[in-house]
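Shown next: run_0.cif, given as mmCIF, C-alpha atoms.
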```
data_final
#
loop_
_atom_site.label_atom_id
_atom_site.label_comp_id
_atom_site.auth_asym_id
_atom_site.auth_seq_id
_atom_site.Cartn_x
_atom_site.Cartn_y
_atom_site.Cartn_z
CA MET A 1 120.35 -66.54 -101.79
CA MET A 2 119.82 -70.07 -100.70
CA GLU A 3 117.58 -68.78 -98.01
CA LYS A 4 115.50 -66.91 -100.52
CA ILE A 5 115.11 -70.05 -102.62
CA LEU A 6 114.10 -72.10 -99.59
CA LYS A 7 111.71 -69.41 -98.49
CA CYS A 8 110.27 -69.27 -101.96
CA LYS A 9 109.97 -73.06 -102.02
CA ARG A 10 108.32 -73.04 -98.62
CA SER A 11 105.96 -70.30 -99.61
CA TYR A 12 105.22 -72.12 -102.82
CA SER A 13 104.58 -75.44 -101.01
CA HIS A 14 102.72 -73.68 -98.27
CA SER A 15 100.54 -71.86 -100.77
CA ASN A 16 99.89 -75.16 -102.64
CA PHE A 17 98.91 -76.77 -99.38
CA ASP A 18 96.52 -73.91 -98.58
CA ARG A 19 95.09 -74.14 -102.06
CA SER A 20 94.67 -77.89 -101.69
CA ILE A 21 92.85 -77.40 -98.39
CA LYS A 22 90.63 -74.72 -99.93
CA ILE A 23 89.89 -76.92 -102.93
CA LEU A 24 89.27 -79.88 -100.64
CA ALA A 25 86.96 -77.78 -98.47
CA LYS A 26 85.10 -76.54 -101.55
CA SER A 27 84.96 -80.09 -102.85
CA LYS A 28 83.48 -81.38 -99.57
CA CYS A 29 81.00 -78.52 -99.57
CA SER A 30 80.05 -79.34 -103.15
CA GLN A 31 79.69 -83.02 -102.30
CA MET A 32 77.38 -82.11 -99.41
CA LYS A 33 75.26 -79.94 -101.70
CA ILE A 34 75.07 -82.75 -104.28
CA MET A 35 74.07 -85.23 -101.55
CA GLU A 36 71.44 -82.83 -100.21
CA MET A 37 70.05 -82.36 -103.71
CA SER A 38 70.00 -86.11 -104.41
CA PHE A 39 68.20 -86.79 -101.10
CA MET A 40 65.73 -84.03 -101.89
CA ILE A 41 65.06 -85.50 -105.35
CA LEU A 42 64.70 -88.96 -103.81
CA ALA A 43 62.23 -87.62 -101.22
CA LEU A 44 60.28 -85.81 -103.95
CA VAL A 45 60.08 -88.97 -106.10
CA LEU A 46 59.01 -90.98 -103.06
CA PHE A 47 56.30 -88.41 -102.29
CA PHE A 48 54.92 -88.58 -105.84
CA VAL A 49 54.97 -92.40 -105.76
CA ILE A 50 52.95 -92.38 -102.52
CA VAL A 51 50.47 -89.87 -103.98
CA ALA A 52 50.14 -91.99 -107.14
CA LEU A 53 49.55 -95.15 -105.07
CA PHE A 54 46.87 -93.35 -103.05
CA PHE A 55 45.01 -92.26 -106.21
CA LEU A 56 45.40 -95.71 -107.74
CA ALA A 57 44.02 -97.39 -104.62
CA SER A 58 41.04 -95.03 -104.44
CA PHE A 59 40.34 -95.57 -108.15
CA THR A 60 40.51 -99.37 -108.05
CA SER A 61 38.59 -99.79 -104.79
CA ASN A 62 35.34 -99.06 -106.62
CA LEU A 63 36.29 -100.90 -109.81
CA LYS A 64 34.73 -104.28 -108.92
CA GLU A 65 31.41 -102.65 -108.09
CA GLN A 66 31.47 -100.79 -111.40
CA VAL A 67 32.23 -104.01 -113.32
CA ASN A 68 29.33 -105.82 -111.60
CA LEU A 69 27.00 -102.90 -112.32
CA LEU A 70 27.99 -102.81 -116.00
CA ASN A 71 27.51 -106.59 -116.30
CA GLN A 72 24.07 -106.30 -114.71
CA GLN A 73 23.11 -103.49 -117.09
CA GLY A 74 24.25 -105.69 -119.98
CA THR A 75 22.02 -108.49 -118.71
CA ILE A 76 19.06 -106.11 -118.45
CA ASN A 77 19.67 -104.95 -122.04
CA THR A 78 19.86 -108.58 -123.16
CA LEU A 79 16.57 -109.30 -121.38
CA ALA A 80 14.89 -106.35 -123.08
CA ALA A 81 15.85 -107.66 -126.52
CA LEU A 82 15.58 -111.39 -125.86
CA SER A 83 11.85 -111.88 -126.47
CA GLY A 84 12.24 -110.24 -129.89
CA THR A 85 15.01 -112.55 -131.13
CA PRO A 86 14.15 -115.24 -133.68
CA GLU A 87 15.11 -117.99 -131.21
CA PHE A 88 12.37 -116.86 -128.80
CA THR A 89 9.64 -114.87 -130.53
CA CYS A 90 6.20 -116.12 -131.43
CA GLY A 91 5.65 -113.25 -133.88
CA GLU A 92 4.30 -110.65 -131.45
CA SER A 93 6.06 -108.28 -129.09
CA ASN A 94 6.96 -109.64 -125.63
CA CYS A 95 5.86 -113.10 -126.63
CA VAL A 96 7.99 -116.25 -126.57
CA ASP A 97 7.21 -119.49 -128.39
CA LEU A 98 7.28 -122.43 -125.97
CA ASP A 99 7.99 -124.92 -128.78
CA LYS A 100 11.05 -122.94 -129.86
CA ILE A 101 12.22 -122.60 -126.27
CA ILE A 102 12.04 -126.36 -125.65
CA LYS A 103 14.02 -126.99 -128.84
CA LEU A 104 16.52 -124.26 -127.88
CA LYS A 105 16.98 -125.87 -124.46
CA ASP A 106 17.92 -129.15 -126.15
CA MET A 107 20.35 -127.34 -128.49
CA VAL A 108 22.07 -125.57 -125.58
CA ALA A 109 22.36 -128.90 -123.74
CA ASN A 110 24.14 -130.30 -126.84
CA GLY A 111 26.68 -127.45 -126.81
CA GLU A 112 25.12 -125.12 -129.37
CA TYR A 113 24.29 -121.56 -128.22
CA LYS A 114 26.10 -122.27 -124.93
CA ASN A 115 28.02 -118.96 -124.93
CA PHE A 116 25.65 -117.09 -127.25
CA TRP A 117 24.32 -114.83 -124.51
CA ASN A 118 26.77 -113.03 -122.26
CA ILE A 119 24.88 -113.86 -119.06
CA GLY A 120 25.36 -116.25 -116.15
CA SER A 121 22.08 -118.16 -116.33
CA LEU A 122 18.86 -118.03 -118.33
CA LYS A 123 15.47 -119.57 -117.68
CA ILE A 124 11.83 -118.97 -118.47
CA MET A 125 9.26 -119.41 -115.72
CA ARG A 126 5.52 -119.72 -115.99
CA VAL A 127 3.83 -117.32 -113.55
CA TYR A 128 0.14 -117.89 -114.36
CA PRO A 129 -1.46 -120.41 -114.20
CA SER A 130 0.76 -121.34 -111.32
CA ILE A 131 1.89 -124.87 -110.46
CA SER A 132 3.08 -125.79 -106.98
CA GLY A 133 6.82 -126.41 -106.78
CA GLU A 134 9.33 -126.02 -109.56
CA LYS A 135 8.99 -128.55 -112.38
CA GLU A 136 11.29 -128.52 -115.38
CA CYS A 137 9.61 -128.55 -118.80
CA THR A 138 10.41 -131.12 -121.47
CA GLY A 139 8.81 -131.90 -124.80
CA ASN A 140 6.34 -134.28 -123.08
CA ASN A 141 5.03 -132.30 -120.09
CA TYR A 142 3.92 -128.90 -121.47
CA ASN A 143 0.89 -128.64 -119.21
CA ASP A 144 2.49 -129.87 -116.00
CA CYS A 145 5.63 -127.73 -115.70
CA ASN A 146 6.61 -124.17 -114.89
CA THR A 147 10.36 -123.76 -115.58
CA ILE A 148 12.53 -124.06 -118.66
CA THR A 149 16.21 -123.75 -117.77
CA ILE A 150 18.02 -122.80 -120.96
CA LYS A 151 21.39 -121.95 -119.43
CA PRO A 152 21.83 -123.27 -115.87
CA LYS A 153 23.70 -121.42 -113.16
CA GLU A 154 27.21 -122.79 -112.75
CA ALA A 155 28.13 -124.21 -109.34
CA GLY A 156 29.76 -121.72 -106.99
CA ASP A 157 28.70 -118.61 -108.91
CA GLU A 158 27.06 -115.75 -107.02
CA GLU A 159 24.34 -114.22 -109.21
CA VAL A 160 22.07 -111.21 -109.28
CA LEU A 161 18.76 -112.09 -110.95
CA ASP A 162 16.79 -109.77 -113.23
CA TRP A 163 13.60 -110.59 -115.09
CA THR A 164 11.01 -109.28 -117.48
CA PHE A 165 7.44 -110.42 -117.99
CA VAL A 166 6.43 -112.04 -121.29
CA SER A 167 3.63 -114.08 -122.80
CA ILE A 168 4.52 -117.76 -123.18
CA CYS A 169 2.58 -119.16 -126.12
CA ARG A 170 2.30 -122.57 -127.73
CA LYS A 171 0.26 -123.99 -130.57
CA GLU A 172 -2.84 -125.95 -129.63
CA SER A 173 -5.81 -127.04 -131.63
CA MET A 174 -9.51 -126.82 -130.95
CA ASP A 175 -11.96 -128.41 -133.36
CA SER A 176 -8.94 -129.13 -135.59
CA ALA A 177 -8.18 -125.40 -135.87
CA PRO A 178 -4.78 -124.28 -134.53
CA TYR A 179 -4.53 -121.33 -132.17
CA ASN A 180 -1.99 -119.81 -129.79
CA LYS A 181 -2.56 -120.68 -126.14
CA CYS A 182 -0.73 -118.03 -124.12
CA GLU A 183 0.15 -117.84 -120.45
CA ILE A 184 1.95 -115.27 -118.32
CA GLY A 185 5.63 -115.91 -117.69
CA ARG A 186 8.91 -114.22 -117.14
CA ILE A 187 12.40 -114.50 -118.57
CA VAL A 188 14.90 -114.67 -115.71
CA ALA A 189 18.58 -113.96 -116.34
CA GLY A 190 21.41 -114.07 -113.84
CA THR A 191 24.50 -111.87 -113.83
CA VAL A 192 27.59 -113.47 -112.30
CA GLU A 193 29.10 -111.21 -109.64
CA LYS A 194 32.87 -110.76 -109.83
CA GLU A 195 34.69 -110.98 -106.51
#
```

Represent the supplied structure as structure tokens.
Amino acid sequence: MMEKILKCKRSYSHSNFDRSIKILAKSKCSQMKIMEMSFMILALVLFFVIVALFFLASFTSNLKEQVNLLNQQGTINTLAALSGTPEFTCGESNCVDLDKIIKLKDMVANGEYKNFWNIGSLKIMRVYPSISGEKECTGNNYNDCNTITIKPKEAGDEEVLDWTFVSICRKESMDSAPYNKCEIGRIVAGTVEKE
């Protein structure tokens, strides 16, 4: 009887040991499957991150050029409307009043209108009759100048220049009758290039 009990105990312990080994083997197999799955998920996430970085790099590589192009188009639109604004116009289309421009130049130099236009630089140049060299206009030298710099280019800025032709008119008198003396000029605006 004692032998039967020992045999039963042995078989019971032996069967528990076998079960433990089977459970341990299944557990190790399950752990391997979980590790394989986690590595696969990690590899998949890494793949999608690399794909996303590639698309992001290709999208942003052209972004600076697009910003510069949009800024330049904004400058061109500003130029198209500039001669019709009250600060510039002499009452006719594509005509700027030289007296107003000289006064506006002084106001911008004093800090007014400094950031009114979203452009890098702004000047008006007389094209005809031409004067040799570039001479800045003031209130005293109307006849002997060819450039009015309203908003100067800031040092170190790279600019793309655009312009439009206009009539530059000022009041003169002949036989004590006032009239508009007009000359050919152009409004030149610079767009600051972003680097």

My list of candidates is A:Cys145, A:Cys169, A:Ile119, A:Leu44. Which is closest to A:Ile131 when distances are computed with only C-alpha atoms?
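Of all the options, A:Cys145 lies closest to A:Ile131.
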
Find the distance between atom CA of A:Ile101 and atom CA of A:Gly74 and write it in Å to one decimal.
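Computing the Euclidean distance for atom CA of A:Ile101 and atom CA of A:Gly74 yields 21.7 Å.
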
I'd like to know which of A:Ser93, A:Asn115, A:Thr78, A:Thr138 is closest to A:Ile168, using all atoms listed in the file.
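Residue with the minimum atom-to-atom distance to A:Ile168: A:Ser93.
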
Rounded to one decimal in Å, what is the spacing between atom CA of A:Ile50 and atom CA of A:Asn62?
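Result for atom CA of A:Ile50 versus atom CA of A:Asn62: 19.3 Å, one decimal.
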
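Nearest residue to A:Phe165 among A:Lys114, A:Lys194, A:Arg186, A:Arg126 is A:Arg186, counting all atoms listed in the file.
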
I need the residue nearest A:Asp106 from this list: A:Ser61, A:Thr149, A:Asn68, A:Asn143. Use all atoms listed in the file for the distance.
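Among A:Ser61, A:Thr149, A:Asn68, A:Asn143, it is A:Thr149 that comes nearest to A:Asp106.
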
With 12 Å as the threshold, what does the neighbourhood of (11.1, -126.5, -129.2) contain in terms of residues, counting only C-alpha atoms? Coordinates are those of the file; answer as a count of residues only.
27

Written as a PDB file with C-alpha atoms, in the frame of the given file, which residues does the PyMOL selection byres ((chain A and resi 153) around 6) give for the file shown?
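Output below, filename result-v5.pdb:
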```pdb
ATOM      1  CA  SER A 121      22.080-118.160-116.330  1.00  0.00           C
ATOM      2  CA  PRO A 152      21.830-123.270-115.870  1.00  0.00           C
ATOM      3  CA  GLU A 154      27.210-122.790-112.750  1.00  0.00           C
TER       4      GLU A 154
END
```

For the point (18.0, -114.1, -120.5) in the file's frame, write as a PyMOL selection string all residues with an atom no more than 10 Å away, counting all atoms listed in the file.
chain A and resi 75-83+117-124+150-151+161-164+186-191

Deliver the residues from the most recent selection as a file, using C-alpha atoms, as a PDB file, in the frame of the given file.
```pdb
ATOM      1  CA  THR A  75      22.020-108.490-118.710  1.00  0.00           C
ATOM      2  CA  ILE A  76      19.060-106.110-118.450  1.00  0.00           C
ATOM      3  CA  ASN A  77      19.670-104.950-122.040  1.00  0.00           C
ATOM      4  CA  THR A  78      19.860-108.580-123.160  1.00  0.00           C
ATOM      5  CA  LEU A  79      16.570-109.300-121.380  1.00  0.00           C
ATOM      6  CA  ALA A  80      14.890-106.350-123.080  1.00  0.00           C
ATOM      7  CA  ALA A  81      15.850-107.660-126.520  1.00  0.00           C
ATOM      8  CA  LEU A  82      15.580-111.390-125.860  1.00  0.00           C
ATOM      9  CA  SER A  83      11.850-111.880-126.470  1.00  0.00           C
ATOM     10  CA  TRP A 117      24.320-114.830-124.510  1.00  0.00           C
ATOM     11  CA  ASN A 118      26.770-113.030-122.260  1.00  0.00           C
ATOM     12  CA  ILE A 119      24.880-113.860-119.060  1.00  0.00           C
ATOM     13  CA  GLY A 120      25.360-116.250-116.150  1.00  0.00           C
ATOM     14  CA  SER A 121      22.080-118.160-116.330  1.00  0.00           C
ATOM     15  CA  LEU A 122      18.860-118.030-118.330  1.00  0.00           C
ATOM     16  CA  LYS A 123      15.470-119.570-117.680  1.00  0.00           C
ATOM     17  CA  ILE A 124      11.830-118.970-118.470  1.00  0.00           C
ATOM     18  CA  ILE A 150      18.020-122.800-120.960  1.00  0.00           C
ATOM     19  CA  LYS A 151      21.390-121.950-119.430  1.00  0.00           C
ATOM     20  CA  LEU A 161      18.760-112.090-110.950  1.00  0.00           C
ATOM     21  CA  ASP A 162      16.790-109.770-113.230  1.00  0.00           C
ATOM     22  CA  TRP A 163      13.600-110.590-115.090  1.00  0.00           C
ATOM     23  CA  THR A 164      11.010-109.280-117.480  1.00  0.00           C
ATOM     24  CA  ARG A 186       8.910-114.220-117.140  1.00  0.00           C
ATOM     25  CA  ILE A 187      12.400-114.500-118.570  1.00  0.00           C
ATOM     26  CA  VAL A 188      14.900-114.670-115.710  1.00  0.00           C
ATOM     27  CA  ALA A 189      18.580-113.960-116.340  1.00  0.00           C
ATOM     28  CA  GLY A 190      21.410-114.070-113.840  1.00  0.00           C
ATOM     29  CA  THR A 191      24.500-111.870-113.830  1.00  0.00           C
TER      30      THR A 191
END
```

At what distance in Å, to one decimal, does atom CA of A:Asp157 lie from atom CA of A:Asn94?
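Atom CA of A:Asn94 sits 28.9 Å away from atom CA of A:Asp157.
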
Around stretch 43-57 of chain A, fit a box with edges along x, y and z, padding it by 6 Å on each side, then list its centre and edge lengths in Å to one decimal as AutoDock Vina command-line options.
```
--center_x 53.1 --center_y -91.6 --center_z -104.5 --size_x 30.2 --size_y 23.6 --size_z 18.5
```

In terms of the shortest atom-to-atom distance over only C-alpha atoms, which of A:Gln66, A:Gln31, A:Asn180, A:Ser132 is closest to A:Cys95?
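Selected residue with least distance to A:Cys95: A:Asn180.
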